[in-house]
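Report on the following structure.
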Amino acid sequence: MSEAQTTSTPTITPSALAAEFRTFIDAQYVIEDSETQKPYECDGLAMFCEMPMLVVLPERIEDVQKVLKICHKYAVPVVARGAGTGLCAGAMPNSAGVVLSLAKFNNIIEIDSLARTAKLEPGVRNLAISEAAADYGLYYGPDPSSQIACTIGGNVAENSGGVHCLKYGLTVHNILSVTMLSVEGELFTLGSEGLDSPGFDLMALFTGSEGLLGVVTEITVKLLPQPEKAQVIMAGFDCVANAGDAVGAIIAAGIIPAGLEMMDKHAIIAAEAFVNAGYPVNAKALLLCELDGTADEVDQYIAAVQEIFNQYKASSMRVSQSEDERALLWKGRKSAFPAVGRISPDYYCMDGTIPRSQLANVLTKMEEEADKLDLRVANVFHAGDGNLHPLILFDAGKEHDFEKAEKLGAWILEYCVQVGGCITGEHGVGVEKIRQMPIQFSDAEIAQFHRVKEAFDPKATLNPGKGIPLLKNCQEYRALRQIESPANGESTR
Amino acid sequence: MSDISHHLVEAVKNAYESSMPLKIVAGNTKHFLGRATDTSQELSVKQHSGVTSYQPVELVLTARAGTTISEIESVLAEHNQMLSFEPPSFSGEATLGGTLAANLSGPTRPWAGSVRDMVLGVQLINGMGELLNYGGQVMKNVAGYDLSRTQAGAMGGLGVMTQISLKVLPKPEMQATLALAISEAQAITLMNKLAGTAKPIVSACWHLGELYIRLAGAAKSVSQSTKQWTSEYGFTELEDSTPFWHSLTQYQYQSLLTDKPLWRFSIKSTAASLALSDSTLIDWAGAQRWVSGDFDPAQLQALATAAKGSVALWRGGDRSGEVNFPLPIAMQQLQQRLKRSMDPKNILNPGRLYSWL
């Protein structure tokens, strides 16, 4: 079994490298001083910080290519970065490396309304795509909660989801083609404007590879027709199990909602205090179910879902009667993370997935474990697709509180895998969950990941230290947490 | 229904140790696809079959790779669910593993996605005989590289698939098919225009001067859309369209059964007529086009490039040369490095996709 590659040591000084970059990049966009570098020290997961050697913001793709070639020549690590909204420290800098910001590439190159595609530079914001496509009655499907700020390049790197991915799929389902630069600075086009492409499906492999295999320079996405009508039903429940069963009943009735979200009592209270959406603050669980399509279809399914919610003893129900009301009901959900930030000095967001049938069980066990550590957990849940976001509330100012939160987090991920789920549904591994990878993968599986990485990045200089753990760390982690390695290929996942 | 994964692992280990290439087969229904190779040692996955888990409420089914598509579809039908990508069952013999290896999807592809899009997880044996699990049985999983969807279309070159988990979907409540006599150029524009509406369109196909549109979904929505498009564009509703869509899905449609070399274009949906033949069959709202005849591959490749896609010699013709679309040298090298990373001795279906792979 091959051990992970070790990242090569840079063979150039920071000032010499900066001088070389300044021969083709505007001097102000080659950032050496620590004060200007400061905003780049972390991504959306601020508890993991590192100062980089250099930050560069090239303005032309040819210059990105040059940056990569130079870094490759001197074996300098490169961390590509979009808006830095990621939640797994995937864009955390490397202290001996360059942060390659793609923020300057924010042009929508072309929208083809008849073919329903958009060609984009990597720094285009997710929401900006739908805003531009709206003129043609089209929109871009995946809608992460950070969509106001997050960029399409980052979405490709993380295979981002969102509240609408049960019906409309993840990033990997909504892109046609990606142009990427390899670590050597070689330009590759993956996919095409047709639906199938020749050779191995490198686009499937590249999507969600967290900046470890290449740097995205252009993306062609599919656009979807805006539905004629969309309506959301909000329902409160006095019992979490009933809410969970209601979700199953909707699917069993043959209905695939556009979005199906659940929040627990802590999340409901926090979100309501934050946005005043009229959430039922006494409920134990809240469901938001969006139906979209033609007007007749929405009417038919809204009635069916209302009946199901009544059957499962919803304590309150509200159907949006306008676009404003629909937006307001979603606003509480989409603001759940900052809302929780207001009721606790700090929170730690997890991203495990579970089979939906395990929901009540997982929530109950999680509360028990949290009680043991004297912590609270607020839960928001992409109920339709089994993606759980437990927000562990803690106070970093209190001694040992973060260690306790980390311990609970590790337990949650282990339990997700134990019931048939996985450690991350959409946020990615990055630095944050790298220690938990051996819960889900055997050493042989991880060694295979390293060999794939080597095929793309032989010197291991692209986003080193992220995503895939070293095998020796896997063994240490399992020993520390007293867990078994998944048997090769025989886990229940 | 049996589990022969240990036998399969042993067979690959032996092949690895003796550097003996393997030809991976199951139902052997797609023997005509890809290149003809001289690998004689067969590894059959056929006996490794059976649905191992199916949770209708989770919309997830897991089956061993040798399970036939027909068996899976009948298990799903009991719960009024389906494989949304409409794979061919080839007289009941096609298997799930072969379907994913060849990435074969039916007319619903542009809307319902492909088999690749529905894959949630794959268990496979790499070229060293290691049994590995990637992805999972849940809708979302971004831990590690996605080596499960990467199997789609790899024709077995990146592993011997042993088990696959898929997202499944409810069957639509109602279906309808509309037909309209229209020229090829007008059809390409209209099918793309209709695909840009929020109506429940699931197929758009044109052949011999006739455009066929299939609607499927909530009953109210299908009937309203049928009424609207009939009056708006002059479509007529076909009474019994099941045989038509079935023959397309099963690759049994008349123009796909030709004795001549059959070429498949995968191109931008709005690309203009290829002007190669009067009997071109257009599917996938313009994104897939079938042409038969003795053409110069270079001529077709130039047309495909101009149409922002690719072309392959799907069936017939000379299968000892290249049958798939040529790739640039740097891309060839990258694909070779990926294959070596999973199959260091190049023993898994070598040469099936390309002579150099």
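Residues in the structure tokens are numbered from 1 in each chain, the chains being A, B, ... in the order shown, and ligands are numbered from 1 in the order shown.
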
Report as a Markdown table: every residue of segment 197-241 of chain B with an atom at most 12 Å from segment 77-101 of chain B, its closest pair of atoms, and their distance in Å to one decimal, counting only C-alpha atoms, with rows sorted by chain and ascending residue number.
| residue | atom | partner | partner_atom | distance |
| --- | --- | --- | --- | --- |
| B:Val202 | CA | B:Ser84 | CA | 10.1 |
| B:Ser203 | CA | B:Glu86 | CA | 11.1 |
| B:Ala216 | CA | B:Ser84 | CA | 11.5 |

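By chain and then residue number, the residues within 10 Å of segment 456-458 of chain A are Gln5, Thr6, Thr7, Ser8, His72, Ser182, Val183, Glu184, Leu212, Leu213, Gly214, His450 and Arg451 of chain A; Leu334, Gln335, Arg337 and Leu338 of chain B, counting only C-alpha atoms and disregarding those fewer than 5 positions away in sequence.
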
Task: Sel. of strand (DSSP E or B) residues, segment 27-212 of chain A, as a count of residues only - done: 38

TODO: Could the residues of chain B within 7 Å of chain A, counting only C-alpha atoms, be given as a ChimeraX atom specification, please?
DONE: /B:57-58,117,123,131-133,136-147,149-150,152-154,170,192-193,196-199,218,220-221,266-270,287,308-310,324-325,335,337-338,341,353

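If only C-alpha atoms are the atoms counted, then among B:Arg264, B:His48, B:His207, B:His246 the closest residue to Ile164 of chain B is B:His48.
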
Task: Spatial neighbours of Ser15 of chain A, 12 Å, only C-alpha atoms, chain gap at least 2 places, as a list in words - done: Ile12, Thr13, Leu17, Ala18, Ala19, Glu20, Phe21, Arg22, Val30, Ile31, Glu32, Asp33, Met53 and Leu54 of chain A

With C-alpha atoms kept, could you save the residues just selected as a PDB file, in the first residue's frame?
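Contents of part20.pdb, as written:
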ATOM      1  CA  ILE A  12      12.355  30.133  -3.476  1.00  0.00           C
ATOM      2  CA  THR A  13      12.106  32.934  -0.925  1.00  0.00           C
ATOM      3  CA  LEU A  17       8.547  34.925  -5.595  1.00  0.00           C
ATOM      4  CA  ALA A  18       6.632  38.183  -5.097  1.00  0.00           C
ATOM      5  CA  ALA A  19       9.092  39.969  -7.369  1.00  0.00           C
ATOM      6  CA  GLU A  20       8.569  37.338 -10.048  1.00  0.00           C
ATOM      7  CA  PHE A  21       4.761  37.676  -9.808  1.00  0.00           C
ATOM      8  CA  ARG A  22       5.026  41.476 -10.045  1.00  0.00           C
ATOM      9  CA  VAL A  30       0.636  40.692  -4.996  1.00  0.00           C
ATOM     10  CA  ILE A  31       0.135  40.956  -1.259  1.00  0.00           C
ATOM     11  CA  GLU A  32       3.108  40.442   1.027  1.00  0.00           C
ATOM     12  CA  ASP A  33       2.301  42.437   4.163  1.00  0.00           C
ATOM     13  CA  MET A  53       3.342  33.365   2.454  1.00  0.00           C
ATOM     14  CA  LEU A  54       1.742  35.434  -0.332  1.00  0.00           C
TER      15      LEU A  54
END

Task: For Ala195 of chain B, the nearest of the candidates B:Trp290, B:Trp284, B:Tyr354, B:Tyr134, counting only C-alpha atoms - done: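 Nearest to Ala195 of chain B: B:Trp284.
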
TODO: Find the spatial neighbours of Asp240 of chain B, counting only C-alpha atoms, within a cut-off of 10 Å - ignore same-chain residues fewer than 4 positions away - and output them as an NGL selection string.
DONE: :B and (176-177 or 244)

Dump as a tab-separated table (two decimals), in the first residue's frame, selection limited to N, CA and C atoms:
chain	number	residue	atom	x	y	z
B	176	ALA	N	-48.33	11.69	-21.38
B	176	ALA	CA	-49.00	11.97	-22.66
B	176	ALA	C	-47.92	12.22	-23.71
B	177	THR	N	-48.23	11.89	-24.96
B	177	THR	CA	-47.27	12.16	-26.04
B	177	THR	C	-47.95	13.01	-27.11
B	244	PHE	N	-43.57	3.32	-29.01
B	244	PHE	CA	-42.59	4.24	-29.59
B	244	PHE	C	-41.47	4.53	-28.59

Open item on the list: From a backbone DSSP assignment, name each residue in segment 160-274 of chain B labelled helix (DSSP H, G or I), as a PyMOL selection string.
Closed with: chain B and resi 184-195+219-233+242-249+254-256

For the residues selected in the previous step, produce a file with N, CA and C atoms as a compact mmCIF listing (two decimals), in the first residue's frame.
# COMPACT_ATOMS: atom_id res chain seq x y z
N GLU B 184 -36.68 19.60 -39.72
CA GLU B 184 -35.63 19.35 -38.74
C GLU B 184 -35.20 20.65 -38.05
N ALA B 185 -34.96 21.69 -38.86
CA ALA B 185 -34.49 22.96 -38.29
C ALA B 185 -35.53 23.55 -37.33
N GLN B 186 -36.79 23.49 -37.75
CA GLN B 186 -37.85 24.02 -36.87
C GLN B 186 -37.97 23.19 -35.60
N ALA B 187 -37.77 21.87 -35.76
CA ALA B 187 -37.90 20.97 -34.61
C ALA B 187 -36.82 21.26 -33.57
N ILE B 188 -35.58 21.50 -34.05
CA ILE B 188 -34.48 21.76 -33.11
C ILE B 188 -34.79 23.02 -32.28
N THR B 189 -35.29 24.04 -32.96
CA THR B 189 -35.63 25.27 -32.23
C THR B 189 -36.79 25.04 -31.27
N LEU B 190 -37.84 24.38 -31.78
CA LEU B 190 -39.03 24.23 -30.93
C LEU B 190 -38.76 23.34 -29.72
N MET B 191 -38.02 22.24 -29.91
CA MET B 191 -37.80 21.36 -28.74
C MET B 191 -36.98 22.07 -27.67
N ASN B 192 -36.05 22.92 -28.09
CA ASN B 192 -35.29 23.67 -27.10
C ASN B 192 -36.14 24.74 -26.42
N LYS B 193 -37.01 25.35 -27.22
CA LYS B 193 -37.89 26.37 -26.65
C LYS B 193 -38.83 25.74 -25.61
N LEU B 194 -39.40 24.58 -25.96
CA LEU B 194 -40.32 23.92 -25.04
C LEU B 194 -39.59 23.45 -23.78
N ALA B 195 -38.32 23.03 -23.96
CA ALA B 195 -37.53 22.59 -22.80
C ALA B 195 -37.26 23.76 -21.85
N ALA B 219 -51.07 14.76 -12.71
CA ALA B 219 -52.13 14.63 -13.70
C ALA B 219 -52.63 15.99 -14.19
N LYS B 220 -52.87 16.89 -13.26
CA LYS B 220 -53.41 18.20 -13.65
C LYS B 220 -52.45 18.94 -14.55
N SER B 221 -51.19 18.81 -14.24
CA SER B 221 -50.17 19.53 -14.98
C SER B 221 -50.03 18.97 -16.40
N VAL B 222 -50.05 17.64 -16.53
CA VAL B 222 -49.92 17.00 -17.85
C VAL B 222 -51.13 17.36 -18.72
N SER B 223 -52.32 17.29 -18.16
CA SER B 223 -53.49 17.55 -19.01
C SER B 223 -53.58 19.03 -19.39
N GLN B 224 -53.22 19.90 -18.47
CA GLN B 224 -53.26 21.33 -18.80
C GLN B 224 -52.23 21.66 -19.90
N SER B 225 -51.02 21.08 -19.77
CA SER B 225 -49.96 21.36 -20.75
C SER B 225 -50.32 20.78 -22.12
N THR B 226 -50.92 19.59 -22.13
CA THR B 226 -51.36 18.97 -23.38
C THR B 226 -52.34 19.90 -24.09
N LYS B 227 -53.29 20.38 -23.33
CA LYS B 227 -54.31 21.25 -23.90
C LYS B 227 -53.66 22.53 -24.45
N GLN B 228 -52.79 23.11 -23.66
CA GLN B 228 -52.17 24.39 -24.05
C GLN B 228 -51.31 24.25 -25.32
N TRP B 229 -50.47 23.22 -25.37
CA TRP B 229 -49.56 23.07 -26.51
C TRP B 229 -50.30 22.59 -27.76
N THR B 230 -51.36 21.84 -27.57
CA THR B 230 -52.16 21.41 -28.71
C THR B 230 -52.74 22.63 -29.41
N SER B 231 -53.27 23.54 -28.63
CA SER B 231 -53.87 24.71 -29.28
C SER B 231 -52.79 25.71 -29.72
N GLU B 232 -51.71 25.82 -28.96
CA GLU B 232 -50.70 26.82 -29.28
C GLU B 232 -49.85 26.45 -30.51
N TYR B 233 -49.50 25.18 -30.64
CA TYR B 233 -48.58 24.78 -31.72
C TYR B 233 -49.19 23.82 -32.74
N THR B 242 -46.71 4.19 -26.06
CA THR B 242 -45.79 3.36 -25.28
C THR B 242 -44.80 2.60 -26.16
N PRO B 243 -45.25 1.93 -27.24
CA PRO B 243 -44.29 1.19 -28.08
C PRO B 243 -43.21 2.10 -28.65
N PHE B 244 -43.57 3.32 -29.01
CA PHE B 244 -42.59 4.24 -29.59
C PHE B 244 -41.47 4.53 -28.59
N TRP B 245 -41.83 4.97 -27.38
CA TRP B 245 -40.80 5.30 -26.38
C TRP B 245 -40.04 4.06 -25.94
N HIS B 246 -40.75 2.94 -25.88
CA HIS B 246 -40.11 1.69 -25.49
C HIS B 246 -39.02 1.31 -26.51
N SER B 247 -39.33 1.44 -27.79
CA SER B 247 -38.35 1.05 -28.81
C SER B 247 -37.13 1.99 -28.77
N LEU B 248 -37.35 3.25 -28.45
CA LEU B 248 -36.23 4.19 -28.32
C LEU B 248 -35.37 3.83 -27.11
N THR B 249 -36.05 3.58 -25.98
CA THR B 249 -35.34 3.25 -24.74
C THR B 249 -34.52 1.98 -24.89
N GLN B 254 -36.40 1.51 -35.24
CA GLN B 254 -36.00 1.09 -36.59
C GLN B 254 -34.64 1.62 -37.04
N SER B 255 -34.43 2.94 -36.91
CA SER B 255 -33.20 3.49 -37.49
C SER B 255 -31.97 3.15 -36.67
N LEU B 256 -32.15 2.58 -35.46
CA LEU B 256 -30.99 2.17 -34.66
C LEU B 256 -30.61 0.72 -34.94

Task: Between atom CA of Val362 of chain A and atom CA of Leu328 of chain A, distance in Å (one decimal) - done: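 Between atom CA of Val362 of chain A and atom CA of Leu328 of chain A the gap works out to 29.2 Å.
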
Open item on the list: Using Å and a single decimal, report how far atom CA of Leu33 of chain B sits from atom CA of Ala15 of chain B.
Closed with: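 Separation of atom CA of Ala15 of chain B and atom CA of Leu33 of chain B: 23.7 Å.
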
TODO: For Gly332 of chain A, list every protein, DNA or RNA residue within 12 Å, evaluated using only C-alpha atoms, and leave out those in the same chain fewer than 4 positions away; present the list as number ranges by chain.
DONE: A: 145, 234, 261-263, 267-280, 286-288, 325-328, 336-340, 380

Requested write-out: N, CA and C atoms of the selected residues, as a CSV table (one decimal), in the first residue's frame:
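Output saved as again-v2.csv:
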chain,number,residue,atom,x,y,z
A,145,SER,N,-26.9,28.2,1.2
A,145,SER,CA,-27.4,29.3,2.0
A,145,SER,C,-26.5,30.5,1.8
A,234,MET,N,-45.5,25.8,5.8
A,234,MET,CA,-44.8,25.7,7.0
A,234,MET,C,-45.7,24.9,8.0
A,261,GLU,N,-37.3,21.1,4.4
A,261,GLU,CA,-36.4,21.4,5.5
A,261,GLU,C,-37.0,21.2,6.8
A,262,MET,N,-36.2,20.8,7.8
A,262,MET,CA,-36.7,20.7,9.2
A,262,MET,C,-35.8,21.5,10.1
A,263,MET,N,-36.4,22.1,11.2
A,263,MET,CA,-35.6,22.8,12.2
A,263,MET,C,-36.1,22.3,13.5
A,267,ALA,N,-33.4,25.9,17.0
A,267,ALA,CA,-33.2,26.6,15.7
A,267,ALA,C,-34.4,27.5,15.4
A,268,ILE,N,-35.6,26.9,15.8
A,268,ILE,CA,-36.8,27.7,15.5
A,268,ILE,C,-36.8,29.0,16.3
A,269,ILE,N,-36.5,28.9,17.6
A,269,ILE,CA,-36.5,30.1,18.5
A,269,ILE,C,-35.4,31.1,18.0
A,270,ALA,N,-34.2,30.6,17.7
A,270,ALA,CA,-33.2,31.5,17.2
A,270,ALA,C,-33.6,32.2,15.9
A,271,ALA,N,-34.1,31.4,15.0
A,271,ALA,CA,-34.4,32.0,13.7
A,271,ALA,C,-35.6,33.0,13.8
A,272,GLU,N,-36.5,32.7,14.6
A,272,GLU,CA,-37.7,33.6,14.8
A,272,GLU,C,-37.2,34.9,15.4
A,273,ALA,N,-36.3,34.8,16.4
A,273,ALA,CA,-35.8,36.0,17.0
A,273,ALA,C,-35.1,36.9,16.0
A,274,PHE,N,-34.5,36.2,15.1
A,274,PHE,CA,-33.6,36.9,14.1
A,274,PHE,C,-34.4,37.6,13.0
A,275,VAL,N,-35.5,36.9,12.4
A,275,VAL,CA,-36.2,37.4,11.2
A,275,VAL,C,-37.7,37.7,11.4
A,276,ASN,N,-38.2,37.3,12.6
A,276,ASN,CA,-39.7,37.5,12.8
A,276,ASN,C,-40.5,37.0,11.6
A,277,ALA,N,-40.3,35.7,11.3
A,277,ALA,CA,-41.1,35.2,10.2
A,277,ALA,C,-42.4,34.6,10.6
A,278,GLY,N,-42.7,34.6,11.9
A,278,GLY,CA,-43.9,34.0,12.4
A,278,GLY,C,-43.8,32.5,12.6
A,279,TYR,N,-42.6,32.0,12.9
A,279,TYR,CA,-42.4,30.6,13.2
A,279,TYR,C,-43.0,30.2,14.5
A,280,PRO,N,-43.5,29.0,14.6
A,280,PRO,CA,-44.2,28.5,15.8
A,280,PRO,C,-43.2,28.2,16.9
A,286,LEU,N,-40.1,22.0,13.1
A,286,LEU,CA,-40.8,22.8,12.1
A,286,LEU,C,-40.4,22.2,10.7
A,287,LEU,N,-41.4,22.1,9.9
A,287,LEU,CA,-41.1,21.6,8.5
A,287,LEU,C,-41.4,22.8,7.5
A,288,LEU,N,-40.5,23.0,6.6
A,288,LEU,CA,-40.8,23.9,5.4
A,288,LEU,C,-40.8,23.0,4.2
A,325,GLU,N,-44.2,36.4,1.1
A,325,GLU,CA,-44.4,35.5,2.2
A,325,GLU,C,-43.5,34.3,2.1
A,326,ARG,N,-43.4,33.8,0.9
A,326,ARG,CA,-42.6,32.6,0.6
A,326,ARG,C,-41.1,32.9,1.0
A,327,ALA,N,-40.7,34.1,0.5
A,327,ALA,CA,-39.3,34.5,0.8
A,327,ALA,C,-39.1,34.7,2.3
A,328,LEU,N,-40.1,35.2,3.0
A,328,LEU,CA,-39.9,35.4,4.4
A,328,LEU,C,-39.8,34.1,5.2
A,336,ALA,N,-30.5,30.7,9.5
A,336,ALA,CA,-30.4,29.9,10.7
A,336,ALA,C,-29.0,29.9,11.4
A,337,PHE,N,-28.0,29.9,10.6
A,337,PHE,CA,-26.6,29.9,11.1
A,337,PHE,C,-26.3,31.2,11.9
A,338,PRO,N,-26.4,32.4,11.2
A,338,PRO,CA,-26.2,33.6,11.9
A,338,PRO,C,-27.2,33.8,13.1
A,339,ALA,N,-28.4,33.3,12.9
A,339,ALA,CA,-29.4,33.5,14.0
A,339,ALA,C,-28.9,32.7,15.2
A,340,VAL,N,-28.4,31.5,15.0
A,340,VAL,CA,-27.8,30.8,16.2
A,340,VAL,C,-26.6,31.5,16.8
A,380,VAL,N,-30.6,22.1,12.2
A,380,VAL,CA,-31.3,22.4,11.0
A,380,VAL,C,-31.0,21.2,10.1

Open item on the list: Would you compute the distance between atom CA of Lys13 of chain B and atom CA of Leu158 of chain B? Give it in Å to one decimal.
Closed with: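 Pair atom CA of Lys13 of chain B / atom CA of Leu158 of chain B returns 15.0 Å.
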
Open item on the list: Excluding Tyr16 of chain B and its own-chain neighbours fewer than 2 positions away, which residues fall within 9 Å of it when counting only C-alpha atoms? Please give them as a ChimeraX atom specification.
Closed with: /B:11-14,18-21,127-129,343-347

When you look at Glu403 of chain A with a cut-off of 12 Å (counting only C-alpha atoms), what residues show up, excluding the ones that are within fewer than 5 positions of it in the same chain? I need them as an mmCIF file with N, CA and C atoms, in the first residue's frame.
data_model
loop_
_atom_site.group_PDB
_atom_site.id
_atom_site.type_symbol
_atom_site.label_atom_id
_atom_site.label_comp_id
_atom_site.auth_asym_id
_atom_site.auth_seq_id
_atom_site.Cartn_x
_atom_site.Cartn_y
_atom_site.Cartn_z
ATOM 1 N N TYR A 348 -20.427 25.481 16.405
ATOM 2 C CA TYR A 348 -19.624 24.605 15.562
ATOM 3 C C TYR A 348 -20.620 23.824 14.706
ATOM 4 N N LEU A 373 -22.081 16.304 28.157
ATOM 5 C CA LEU A 373 -20.977 17.270 28.090
ATOM 6 C C LEU A 373 -21.425 18.676 28.481
ATOM 7 N N LEU A 375 -23.560 20.609 26.924
ATOM 8 C CA LEU A 375 -23.603 21.477 25.739
ATOM 9 C C LEU A 375 -25.023 21.466 25.171
ATOM 10 N N ILE A 392 -23.417 22.990 17.229
ATOM 11 C CA ILE A 392 -23.046 22.797 18.630
ATOM 12 C C ILE A 392 -22.734 24.167 19.223
ATOM 13 N N PHE A 394 -21.282 26.729 21.907
ATOM 14 C CA PHE A 394 -20.251 26.730 22.944
ATOM 15 C C PHE A 394 -19.697 28.135 23.114
ATOM 16 N N ASP A 395 -18.809 28.291 24.069
ATOM 17 C CA ASP A 395 -18.217 29.591 24.348
ATOM 18 C C ASP A 395 -16.700 29.422 24.353
ATOM 19 N N ALA A 396 -16.072 29.905 23.299
ATOM 20 C CA ALA A 396 -14.623 29.719 23.167
ATOM 21 C C ALA A 396 -13.868 30.386 24.312
ATOM 22 N N GLY A 397 -14.528 31.343 24.968
ATOM 23 C CA GLY A 397 -13.885 32.032 26.094
ATOM 24 C C GLY A 397 -13.828 31.151 27.335
ATOM 25 N N LYS A 398 -14.665 30.130 27.360
ATOM 26 C CA LYS A 398 -14.691 29.237 28.522
ATOM 27 C C LYS A 398 -13.671 28.127 28.332
ATOM 28 N N LEU A 408 -17.909 16.320 20.953
ATOM 29 C CA LEU A 408 -19.292 16.006 20.582
ATOM 30 C C LEU A 408 -19.406 15.898 19.060
ATOM 31 N N GLY A 409 -18.719 16.801 18.362
ATOM 32 C CA GLY A 409 -18.741 16.768 16.901
ATOM 33 C C GLY A 409 -18.237 15.443 16.367
ATOM 34 N N ALA A 410 -17.139 14.970 16.918
ATOM 35 C CA ALA A 410 -16.575 13.687 16.479
ATOM 36 C C ALA A 410 -17.575 12.565 16.736
#

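Shortest atom-to-atom contact with Ile213 of chain B among B:Ile282, B:Ala304, B:Ile24, B:Leu169: B:Ile282, counting only C-alpha atoms.
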
Open item on the list: Let me make sure I understand: among B:Val119, B:Leu215, B:Val311, B:Leu8, which one has the smallest atom-to-atom distance to Pro326 of chain B if we use only C-alpha atoms?
Closed with: B:Val311
